[in-house]
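Participant: To be precise about what I am sending: the file is called work_17.pdb and holds PDB, C-alpha atoms and all ligand atoms.
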```
ATOM      1  CA  MET A   1     -45.440 -25.807  23.277
ATOM      2  CA  ARG A   2     -49.024 -25.437  24.515
ATOM      3  CA  LYS A   3     -51.577 -27.361  22.500
ATOM      4  CA  PRO A   4     -53.748 -25.063  20.348
ATOM      5  CA  ASP A   5     -57.234 -24.440  21.752
ATOM      6  CA  GLY A   6     -58.810 -24.139  18.323
ATOM      7  CA  LYS A   7     -58.015 -24.467  14.662
ATOM      8  CA  ILE A   8     -58.798 -22.326  11.627
ATOM      9  CA  VAL A   9     -58.083 -23.704   8.142
ATOM     10  CA  LEU A  10     -57.630 -21.830   4.858
ATOM     11  CA  LEU A  11     -58.909 -23.736   1.830
ATOM     12  CA  GLY A  12     -59.197 -22.765  -1.816
ATOM     13  CA  ASP A  13     -57.823 -23.258  -5.301
ATOM     14  CA  MET A  14     -54.166 -22.730  -6.097
ATOM     15  CA  ASN A  15     -53.051 -19.159  -6.638
ATOM     16  CA  VAL A  16     -56.038 -17.478  -4.939
ATOM     17  CA  GLY A  17     -53.733 -16.010  -2.272
ATOM     18  CA  LYS A  18     -54.152 -18.160   0.871
ATOM     19  CA  THR A  19     -50.472 -18.037   1.803
ATOM     20  CA  SER A  20     -50.307 -14.327   1.010
ATOM     21  CA  LEU A  21     -53.311 -13.568   3.240
ATOM     22  CA  LEU A  22     -51.792 -15.448   6.133
ATOM     23  CA  GLN A  23     -48.416 -13.790   5.695
ATOM     24  CA  ARG A  24     -50.026 -10.376   5.390
ATOM     25  CA  TYR A  25     -51.814 -10.921   8.692
ATOM     26  CA  MET A  26     -49.091 -12.695  10.668
ATOM     27  CA  GLU A  27     -45.982 -11.022   9.277
ATOM     28  CA  ARG A  28     -47.491  -7.727   8.084
ATOM     29  CA  ARG A  29     -45.944  -8.036   4.645
ATOM     30  CA  PHE A  30     -46.659  -9.221   1.105
ATOM     31  CA  PRO A  31     -43.657 -11.308   0.103
ATOM     32  CA  ASP A  32     -43.230 -13.375  -3.049
ATOM     33  CA  THR A  33     -44.755 -16.783  -2.436
ATOM     34  CA  VAL A  34     -44.206 -20.226  -3.877
ATOM     35  CA  SER A  35     -47.084 -22.630  -4.365
ATOM     36  CA  THR A  36     -47.673 -24.425  -1.050
ATOM     37  CA  VAL A  37     -46.705 -28.066  -0.690
ATOM     38  CA  GLY A  38     -48.849 -29.986   1.820
ATOM     39  CA  GLY A  39     -49.669 -27.472   4.560
ATOM     40  CA  ALA A  40     -48.177 -25.251   7.232
ATOM     41  CA  PHE A  41     -49.495 -23.448  10.262
ATOM     42  CA  TYR A  42     -49.048 -20.335  12.362
ATOM     43  CA  LEU A  43     -49.977 -20.006  16.016
ATOM     44  CA  LYS A  44     -51.845 -16.907  17.089
ATOM     45  CA  GLN A  45     -52.545 -15.951  20.669
ATOM     46  CA  TRP A  46     -55.971 -14.343  20.860
ATOM     47  CA  ARG A  47     -56.973 -13.240  24.337
ATOM     48  CA  SER A  48     -56.094 -16.242  26.501
ATOM     49  CA  TYR A  49     -56.530 -18.723  23.642
ATOM     50  CA  ASN A  50     -54.007 -20.303  21.314
ATOM     51  CA  ILE A  51     -55.375 -20.572  17.801
ATOM     52  CA  SER A  52     -53.615 -22.465  15.015
ATOM     53  CA  ILE A  53     -54.182 -21.155  11.503
ATOM     54  CA  TRP A  54     -53.499 -23.708   8.785
ATOM     55  CA  ASP A  55     -52.457 -22.835   5.261
ATOM     56  CA  THR A  56     -53.176 -25.624   2.780
ATOM     57  CA  ALA A  57     -52.103 -26.381  -0.770
ATOM     58  CA  GLY A  58     -54.653 -25.622  -3.475
ATOM     59  CA  ARG A  59     -52.963 -27.807  -6.048
ATOM     60  CA  GLU A  60     -55.014 -30.817  -7.114
ATOM     61  CA  GLN A  61     -52.225 -33.268  -6.243
ATOM     62  CA  PHE A  62     -52.536 -32.362  -2.539
ATOM     63  CA  HIS A  63     -56.309 -32.434  -2.506
ATOM     64  CA  GLY A  64     -56.606 -35.569  -0.365
ATOM     65  CA  LEU A  65     -54.781 -33.864   2.501
ATOM     66  CA  GLY A  66     -57.460 -31.186   2.877
ATOM     67  CA  SER A  67     -59.856 -33.260   4.937
ATOM     68  CA  MET A  68     -57.050 -34.190   7.292
ATOM     69  CA  TYR A  69     -56.227 -30.541   7.882
ATOM     70  CA  CYS A  70     -59.912 -29.762   8.474
ATOM     71  CA  ARG A  71     -60.305 -32.411  11.153
ATOM     72  CA  GLY A  72     -61.748 -30.770  14.274
ATOM     73  CA  ALA A  73     -61.517 -27.266  12.764
ATOM     74  CA  ALA A  74     -63.501 -24.541  14.533
ATOM     75  CA  ALA A  75     -63.558 -22.368  11.407
ATOM     76  CA  VAL A  76     -62.766 -22.718   7.719
ATOM     77  CA  ILE A  77     -61.874 -19.833   5.433
ATOM     78  CA  LEU A  78     -62.970 -20.709   1.896
ATOM     79  CA  THR A  79     -60.882 -18.500  -0.350
ATOM     80  CA  TYR A  80     -61.404 -17.540  -3.996
ATOM     81  CA  ASP A  81     -59.971 -14.967  -6.387
ATOM     82  CA  VAL A  82     -62.480 -12.220  -7.240
ATOM     83  CA  ASN A  83     -61.000 -12.117 -10.745
ATOM     84  CA  HIS A  84     -61.512 -15.837 -11.422
ATOM     85  CA  PRO A  85     -65.127 -16.991 -11.190
ATOM     86  CA  GLN A  86     -64.007 -20.619 -11.532
ATOM     87  CA  SER A  87     -62.186 -20.360  -8.191
ATOM     88  CA  LEU A  88     -65.545 -19.670  -6.503
ATOM     89  CA  VAL A  89     -67.127 -22.627  -8.312
ATOM     90  CA  GLU A  90     -64.247 -24.831  -7.139
ATOM     91  CA  LEU A  91     -65.044 -23.998  -3.508
ATOM     92  CA  GLU A  92     -68.359 -25.758  -3.852
ATOM     93  CA  ASP A  93     -67.232 -28.514  -6.220
ATOM     94  CA  ARG A  94     -63.907 -29.440  -4.722
ATOM     95  CA  PHE A  95     -63.341 -27.931  -1.294
ATOM     96  CA  LEU A  96     -66.601 -27.890   0.642
ATOM     97  CA  GLY A  97     -66.669 -31.692   0.939
ATOM     98  CA  LEU A  98     -63.274 -31.578   2.656
ATOM     99  CA  THR A  99     -64.881 -29.801   5.598
ATOM    100  CA  ASP A 100     -66.950 -32.833   6.593
ATOM    101  CA  THR A 101     -64.224 -33.661   9.107
ATOM    102  CA  ALA A 102     -64.461 -30.217  10.746
ATOM    103  CA  ASN A 103     -66.151 -29.591  14.074
ATOM    104  CA  THR A 104     -69.937 -29.982  13.872
ATOM    105  CA  ASP A 105     -70.519 -26.301  14.614
ATOM    106  CA  CYS A 106     -67.615 -25.148  12.467
ATOM    107  CA  LEU A 107     -67.883 -21.559  11.230
ATOM    108  CA  PHE A 108     -67.407 -20.711   7.576
ATOM    109  CA  ALA A 109     -66.089 -17.526   6.043
ATOM    110  CA  ILE A 110     -65.965 -16.940   2.297
ATOM    111  CA  VAL A 111     -63.165 -14.697   1.170
ATOM    112  CA  GLY A 112     -62.750 -13.098  -2.235
ATOM    113  CA  ASN A 113     -59.100 -12.072  -2.447
ATOM    114  CA  LYS A 114     -57.128  -9.844  -4.886
ATOM    115  CA  VAL A 115     -59.786  -7.155  -4.757
ATOM    116  CA  ASP A 116     -57.041  -4.595  -5.450
ATOM    117  CA  LEU A 117     -57.212  -5.749  -9.070
ATOM    118  CA  VAL A 118     -60.894  -4.851  -9.431
ATOM    119  CA  GLU A 119     -61.693  -1.425 -10.879
ATOM    120  CA  ASP A 120     -64.687  -0.490  -8.711
ATOM    121  CA  ARG A 121     -63.018  -1.529  -5.450
ATOM    122  CA  ALA A 122     -59.862   0.382  -6.269
ATOM    123  CA  ALA A 123     -61.929   3.550  -6.827
ATOM    124  CA  GLU A 124     -63.690   2.987  -3.503
ATOM    125  CA  ALA A 125     -60.369   2.555  -1.703
ATOM    126  CA  ARG A 126     -59.067   5.801  -3.280
ATOM    127  CA  GLU A 127     -62.111   7.699  -2.035
ATOM    128  CA  LYS A 128     -61.675   6.264   1.486
ATOM    129  CA  GLU A 129     -58.075   7.443   1.437
ATOM    130  CA  GLY A 130     -59.324  10.960   0.580
ATOM    131  CA  HIS A 131     -58.187  11.070  -3.059
ATOM    132  CA  GLY A 132     -60.563  12.016  -5.806
ATOM    133  CA  PRO A 133     -61.768   9.505  -8.350
ATOM    134  CA  GLY A 134     -59.224   9.009 -11.100
ATOM    135  CA  THR A 135     -56.216   9.687  -8.880
ATOM    136  CA  ALA A 136     -53.305   7.489  -9.905
ATOM    137  CA  GLY A 137     -52.058   4.811  -7.521
ATOM    138  CA  GLY A 138     -55.004   4.098  -5.183
ATOM    139  CA  GLY A 139     -56.096   0.722  -3.868
ATOM    140  CA  GLY A 140     -54.430  -1.214  -6.661
ATOM    141  CA  GLY A 141     -50.932  -0.233  -5.574
ATOM    142  CA  GLY A 142     -49.917   0.071  -9.233
ATOM    143  CA  SER A 143     -51.588  -3.195 -10.375
ATOM    144  CA  PRO A 144     -53.450  -3.165 -13.692
ATOM    145  CA  GLN A 145     -57.166  -3.169 -12.867
ATOM    146  CA  VAL A 146     -59.874  -5.195 -14.559
ATOM    147  CA  PRO A 147     -63.700  -5.161 -14.513
ATOM    148  CA  ARG A 148     -65.280  -7.094 -11.665
ATOM    149  CA  GLN A 149     -65.592 -10.828 -12.405
ATOM    150  CA  VAL A 150     -67.335 -12.144  -9.260
ATOM    151  CA  ARG A 151     -70.068 -10.196  -7.481
ATOM    152  CA  PRO A 152     -70.241 -10.221  -3.659
ATOM    153  CA  GLU A 153     -73.798 -11.615  -4.026
ATOM    154  CA  ASP A 154     -72.346 -14.752  -5.643
ATOM    155  CA  ALA A 155     -70.270 -15.398  -2.516
ATOM    156  CA  VAL A 156     -73.291 -14.747  -0.286
ATOM    157  CA  ALA A 157     -75.304 -17.252  -2.372
ATOM    158  CA  LEU A 158     -72.587 -19.860  -1.837
ATOM    159  CA  TYR A 159     -72.543 -19.142   1.882
ATOM    160  CA  LYS A 160     -76.289 -19.770   2.047
ATOM    161  CA  LYS A 161     -75.837 -23.042   0.183
ATOM    162  CA  ILE A 162     -73.194 -24.047   2.715
ATOM    163  CA  LEU A 163     -75.584 -23.377   5.579
ATOM    164  CA  LYS A 164     -78.131 -25.612   3.893
ATOM    165  CA  TYR A 165     -75.504 -28.273   3.286
ATOM    166  CA  LYS A 166     -74.550 -28.134   6.948
ATOM    167  CA  MET A 167     -78.241 -28.058   7.960
ATOM    168  CA  LEU A 168     -77.832 -24.721   9.667
ATOM    169  CA  ASP A 169     -80.234 -22.749   7.514
ATOM    170  CA  GLU A 170     -82.021 -20.170   9.645
ATOM    171  CA  LYS A 171     -85.320 -21.271   8.137
ATOM    172  CA  GLU A 172     -84.850 -24.878   9.234
ATOM    173  CA  VAL A 173     -86.465 -25.878  12.488
ATOM    174  CA  PRO A 174     -83.634 -26.725  14.874
ATOM    175  CA  ALA A 175     -83.468 -30.299  16.140
ATOM    176  CA  ALA A 176     -84.993 -30.832  19.581
ATOM    177  CA  GLU A 177     -81.603 -31.847  21.016
ATOM    178  CA  GLN A 178     -80.159 -28.569  19.788
ATOM    179  CA  MET A 179     -82.726 -26.572  21.745
ATOM    180  CA  CYS A 180     -82.572 -28.391  25.108
ATOM    181  CA  PHE A 181     -79.779 -27.297  27.427
ATOM    182  CA  GLU A 182     -78.567 -28.291  30.884
ATOM    183  CA  THR A 183     -76.800 -25.381  32.550
ATOM    184  CA  SER A 184     -75.235 -24.261  35.800
ATOM    185  CA  ALA A 185     -75.197 -20.536  36.522
ATOM    186  CA  LYS A 186     -72.834 -21.308  39.414
ATOM    187  CA  THR A 187     -70.079 -22.985  37.346
ATOM    188  CA  GLY A 188     -70.999 -21.406  34.017
ATOM    189  CA  TYR A 189     -71.534 -24.847  32.468
ATOM    190  CA  ASN A 190     -73.217 -24.470  29.039
ATOM    191  CA  VAL A 191     -74.193 -20.844  29.748
ATOM    192  CA  ASP A 192     -72.242 -19.447  26.776
ATOM    193  CA  LEU A 193     -73.608 -22.242  24.624
ATOM    194  CA  LEU A 194     -77.160 -21.284  25.543
ATOM    195  CA  PHE A 195     -76.843 -17.579  24.819
ATOM    196  CA  GLU A 196     -74.269 -17.475  22.060
ATOM    197  CA  LYS A 197     -75.331 -20.241  19.718
ATOM    198  CA  GLU A 198     -76.528 -18.356  16.718
ATOM    199  CA  VAL A 199     -75.924 -18.520  12.994
ATOM    200  CA  PRO A 200     -74.175 -15.378  11.738
ATOM    201  CA  ALA A 201     -75.804 -13.509   8.839
ATOM    202  CA  ALA A 202     -74.420 -14.478   5.436
ATOM    203  CA  GLU A 203     -73.155 -10.964   4.648
ATOM    204  CA  GLN A 204     -71.187 -10.941   7.907
ATOM    205  CA  MET A 205     -69.259 -14.034   6.846
ATOM    206  CA  CYS A 206     -68.350 -12.970   3.288
ATOM    207  CA  PHE A 207     -65.305 -10.751   2.904
ATOM    208  CA  GLU A 208     -63.416  -9.190   0.045
ATOM    209  CA  THR A 209     -59.730  -8.778   0.781
ATOM    210  CA  SER A 210     -56.408  -7.828  -0.693
ATOM    211  CA  ALA A 211     -53.344  -9.529   0.701
ATOM    212  CA  LYS A 212     -51.360  -7.070  -1.398
ATOM    213  CA  THR A 213     -52.707  -3.843   0.151
ATOM    214  CA  GLY A 214     -53.890  -5.397   3.443
ATOM    215  CA  TYR A 215     -57.505  -4.357   2.725
ATOM    216  CA  ASN A 216     -59.889  -6.146   5.164
ATOM    217  CA  VAL A 217     -57.235  -8.693   6.172
ATOM    218  CA  ASP A 218     -57.187  -7.815   9.896
ATOM    219  CA  LEU A 219     -60.977  -7.561   9.851
ATOM    220  CA  LEU A 220     -61.259 -11.063   8.396
ATOM    221  CA  PHE A 221     -58.982 -12.830  10.850
ATOM    222  CA  GLU A 222     -59.992 -10.909  13.951
ATOM    223  CA  THR A 223     -63.723 -11.255  13.288
ATOM    224  CA  LEU A 224     -63.158 -14.995  13.023
ATOM    225  CA  PHE A 225     -61.028 -15.168  16.175
ATOM    226  CA  ASP A 226     -63.804 -13.475  18.144
ATOM    227  CA  MET A 227     -66.344 -15.900  16.729
ATOM    228  CA  VAL A 228     -64.165 -18.946  17.289
ATOM    229  CA  VAL A 229     -63.790 -18.331  21.041
ATOM    230  CA  PRO A 230     -67.380 -19.418  21.855
ATOM    231  CA  VAL A 231     -66.867 -22.464  19.584
ATOM    232  CA  ILE A 232     -63.766 -23.371  21.617
ATOM    233  CA  LEU A 233     -65.748 -22.965  24.836
ATOM    234  CA  ARG A 234     -68.488 -25.199  23.469
ATOM    235  CA  GLN A 235     -65.944 -27.796  22.344
ATOM    236  CA  ARG A 236     -64.508 -27.812  25.861
ATOM    237  CA  ALA A 237     -67.946 -28.250  27.403
ATOM    238  CA  GLN A 238     -68.690 -31.123  25.039
ATOM    239  CA  GLY A 239     -65.574 -33.229  25.697
ATOM    240  CA  PRO A 240     -61.946 -33.798  24.723
ATOM    241  CA  PRO A 241     -60.667 -32.289  21.447
ATOM    242  CA  GLN A 242     -60.420 -34.525  18.413
ATOM    243  CA  THR A 243     -56.998 -35.653  17.289
ATOM    244  CA  VAL A 244     -55.722 -36.026  13.738
ATOM    245  CA  ASP A 245     -55.736 -39.632  12.583
ATOM    246  CA  ILE A 246     -54.143 -39.660   9.143
ATOM    247  CA  SER A 247     -54.973 -43.321   8.512
ATOM    248  CA  SER A 248     -58.706 -42.689   8.813
ATOM    249  CA  CYS A 249     -58.792 -39.807   6.286
ATOM    250  CA  LYS A 250     -60.777 -40.400   3.138
ATOM    251  CA  THR A 251     -60.976 -38.164   0.099
ATOM    252  CA  PRO A 252     -64.612 -37.088  -0.185
ATOM    253  CA  ARG A 253     -66.544 -37.790  -3.329
ATOM    254  CA  ARG A 254     -66.936 -34.801  -5.586
ATOM    255  CA  THR A 255     -70.076 -33.683  -7.331
ATOM    256  CA  ARG A 256     -70.712 -30.942  -9.834
ATOM    257  CA  SER A 257     -74.160 -30.022  -8.652
ATOM    258  CA  GLY A 258     -75.531 -29.261  -5.234
ATOM    259  CA  CYS A 259     -72.444 -29.204  -3.017
ATOM    260  CA  CYS A 260     -70.588 -32.361  -2.067
ATOM    261  CA  ALA A 261     -71.578 -35.915  -1.382
TER     262      ALA A 261
HETATM  263  N1  LIG B 301     -52.674  -8.399  -6.821
HETATM  264  C1  LIG B 301     -52.720  -9.328  -5.858
HETATM  265  N2  LIG B 301     -51.975 -10.448  -5.966
HETATM  266  C2  LIG B 301     -52.053 -11.354  -4.953
HETATM  267  C3  LIG B 301     -52.877 -11.154  -3.817
HETATM  268  N3  LIG B 301     -52.745 -12.226  -3.013
HETATM  269  C4  LIG B 301     -51.866 -13.047  -3.623
HETATM  270  N4  LIG B 301     -51.450 -12.527  -4.779
HETATM  271  C5  LIG B 301     -50.501 -13.142  -5.735
HETATM  272  O1  LIG B 301     -51.080 -14.349  -6.216
HETATM  273  C6  LIG B 301     -50.091 -15.372  -6.369
HETATM  274  C7  LIG B 301     -50.490 -16.595  -5.564
HETATM  275  O2  LIG B 301     -50.498 -16.269  -4.182
HETATM  276  P1  LIG B 301     -50.361 -17.407  -3.043
HETATM  277  O3  LIG B 301     -50.578 -16.735  -1.747
HETATM  278  O4  LIG B 301     -49.093 -18.163  -3.216
HETATM  279  O5  LIG B 301     -51.578 -18.343  -3.438
HETATM  280  P2  LIG B 301     -52.050 -19.699  -2.710
HETATM  281  O6  LIG B 301     -53.521 -19.652  -2.649
HETATM  282  O7  LIG B 301     -51.332 -19.851  -1.430
HETATM  283  O8  LIG B 301     -51.620 -20.814  -3.752
HETATM  284  P3  LIG B 301     -51.285 -22.396  -3.443
HETATM  285  O9  LIG B 301     -50.286 -22.425  -2.332
HETATM  286  O10 LIG B 301     -50.713 -22.922  -4.727
HETATM  287  O11 LIG B 301     -52.555 -23.071  -3.102
HETATM  288  C8  LIG B 301     -48.769 -14.745  -5.925
HETATM  289  O12 LIG B 301     -48.096 -14.268  -7.083
HETATM  290  C9  LIG B 301     -49.195 -13.564  -5.050
HETATM  291  O13 LIG B 301     -48.261 -12.520  -5.056
HETATM  292  C10 LIG B 301     -53.645  -9.951  -3.736
HETATM  293  O14 LIG B 301     -54.415  -9.678  -2.804
HETATM  294  N5  LIG B 301     -53.537  -9.078  -4.796
HETATM  295 MG    MG B 302     -50.016 -21.260  -0.726
END
```
Using structure tokens, write down the structure that the file contains.
Ligand SMILES: Nc1nc2c(ncn2[C@@H]2O[C@H](COP(=O)(O)OP(=O)(O)OP(=O)(O)O)[C@@H](O)[C@H]2O)c(=O)[nH]1
Ligand SMILES: [Mg+2]
Facilitator:
Amino acid sequence: MRKPDGKIVLLGDMNVGKTSLLQRYMERRFPDTVSTVGGAFYLKQWRSYNISIWDTAGREQFHGLGSMYCRGAAAVILTYDVNHPQSLVELEDRFLGLTDTANTDCLFAIVGNKVDLVEDRAAEAREKEGHGPGTAGGGGGGSPQVPRQVRPEDAVALYKKILKYKMLDEKEVPAAEQMCFETSAKTGYNVDLLFEKEVPAAEQMCFETSAKTGYNVDLLFETLFDMVVPVILRQRAQGPPQTVDISSCKTPRRTRSGCCA
């Protein structure tokens, strides 16, 4: 089997729908799931690249494994349940610190899943499908719907905090080393790096999805695949890929305030 060119990791609390999102995308279905033990991955061919997508366990007992799965990751999908505000809080408190082992220019996406259960989104989906407001069925696919618990702005705020945590805030002055490039137009060396290194806008990296109806699931994964390709190219230009060394994995310290230590 060919070695994957890049890695994307799904993180988030138990029950938010990580496995369901991955199965919806890869297998085009919404099967019954059991709580994940450890982790598992799918391989996706995107253009000429092989991308591994890792599903991880949200249960506390497997927490220490998260940083191992994130090692060398080109992108991390931080997943929460739009109906459980605590699952968004957990991303900052418990999961963000696990990404310290990811690639230095790792991309982050924040995904609010189970949006089919939210009243306002279900109405929006019905209108998109051409049904009037109040039509039975709609985006919820028969699920009982509840008032919105987490606003998209809350996810955007977390994304901005992550950029700060990773020192990628647009307002920060980039380090001198980051802004000096050696290139070759003839071989293409560092040319993509020069033109494509930019921080995506927060709104572009926050998604609301439904693994149940499929809403925004293709958009999420395929937007990330397109963004991960330049990261893979940069990784190649910078040297050999990192390997997983289980013995060197440490569980990061957790903090309640201000991201992770
Ligand atoms: N209504 C609705 N239910 C969902 C959705 N996604 C997942 N679920 C349900 O939520 C439950 C948990 O889904 P999983 O995909 O197993 O959650 P997980 O994040 O992988 O959980 P762990 O493996 O324990 O970390 C299951 O009963 C799913 O059927 C969704 O988009 N909408
Ligand atoms: Mg799972």
Participant: Would you please work out which residue, of A:Leu220, A:Ile8, A:Ala57, A:Val146, is nearest to Ile110 (chain A) when using all atoms listed in the file?
Facilitator: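 Of A:Leu220, A:Ile8, A:Ala57, A:Val146, the one nearest Ile110 (chain A) is A:Leu220, counting all atoms listed in the file.
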Participant: At what distance in Å, to one decimal, does CA of Leu107 (chain A) lie from CA of Thr209 (chain A)?
Facilitator: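 Here the two named atoms are 18.4 Å from each other.
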Participant: For the atom pair CA of Leu11 (chain A) and CA of Ala237 (chain A), what is the interatomic distance in Å to one decimal place?
Facilitator: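 These two atoms are separated by 27.5 Å.
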Participant: With distances taken over all atoms listed in the file, which residue among A:Lys7, A:Lys186, A:Arg59, A:Arg148 lies nearest ligand LIG 301 (chain B)?
Facilitator: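 Among the listed residues, the smallest separation from ligand LIG 301 (chain B) belongs to A:Arg59.
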Participant: Hey, which residues come within 10 Å of ligand LIG 301 (chain B) if we count all atoms listed in the file? Could you give them as a PyMOL selection string?
Facilitator: chain A and resi 10-24+30-39+55-60+62+79-83+112-118+140-145+208-215+217
Participant: What does the distance from CA of Val228 (chain A) to CA of Lys166 (chain A) come to in Å, to one decimal?
Facilitator: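 Between these atoms lies a distance of 17.3 Å.
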Participant: Kindly indicate which residue among A:Gln61, A:Thr101, A:Gln149, A:Ser52 lies nearest to Gln86 (chain A), using only C-alpha atoms for the distances.
Facilitator: A:Gln149
Participant: Please determine, counting all atoms listed in the file, which residue among A:Arg94, A:Arg234, A:Arg151, A:Lys160 has the shortest atom-to-atom distance to Asp120 (chain A).
Facilitator: A:Arg151
Participant: Using the chain letters and numbers from this file, what does the PyMOL selection byres (((chain A and resi 202) around 7) and not hetatm) select? Give the answer as an MDAnalysis selection string.
Facilitator: chainID A and resid 156 159:160 200:201 203:206
Participant: Compare A:Ala40, A:Ala185, A:Ile51, A:Met26 by their minimum atom-to-atom distance to ligand MG 302 (chain B), counting all atoms listed in the file, and give me the closest one.
Facilitator: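 Nearest candidate to ligand MG 302 (chain B) out of A:Ala40, A:Ala185, A:Ile51, A:Met26: A:Ala40.
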Participant: Using all atoms listed in the file for the distances, tell me which of A:Trp54, A:Pro85, A:Leu91, A:Tyr49 is nearest to ligand MG 302 (chain B).
Facilitator: A:Trp54
Participant: Can you list, as an mmCIF file with C-alpha atoms, in the coordinates of the input, the residues that the PyMOL selection byres (((chain A and resi 98) around 7) and not hetatm) selects here?
Facilitator:
```cif
data_model
loop_
_atom_site.group_PDB
_atom_site.id
_atom_site.type_symbol
_atom_site.label_atom_id
_atom_site.label_comp_id
_atom_site.auth_asym_id
_atom_site.auth_seq_id
_atom_site.Cartn_x
_atom_site.Cartn_y
_atom_site.Cartn_z
ATOM 1 C CA GLY A 66 -57.460 -31.186 2.877
ATOM 2 C CA SER A 67 -59.856 -33.260 4.937
ATOM 3 C CA CYS A 70 -59.912 -29.762 8.474
ATOM 4 C CA PHE A 95 -63.341 -27.931 -1.294
ATOM 5 C CA LEU A 96 -66.601 -27.890 0.642
ATOM 6 C CA GLY A 97 -66.669 -31.692 0.939
ATOM 7 C CA THR A 99 -64.881 -29.801 5.598
ATOM 8 C CA ASP A 100 -66.950 -32.833 6.593
ATOM 9 C CA THR A 101 -64.224 -33.661 9.107
ATOM 10 C CA PRO A 252 -64.612 -37.088 -0.185
#
```
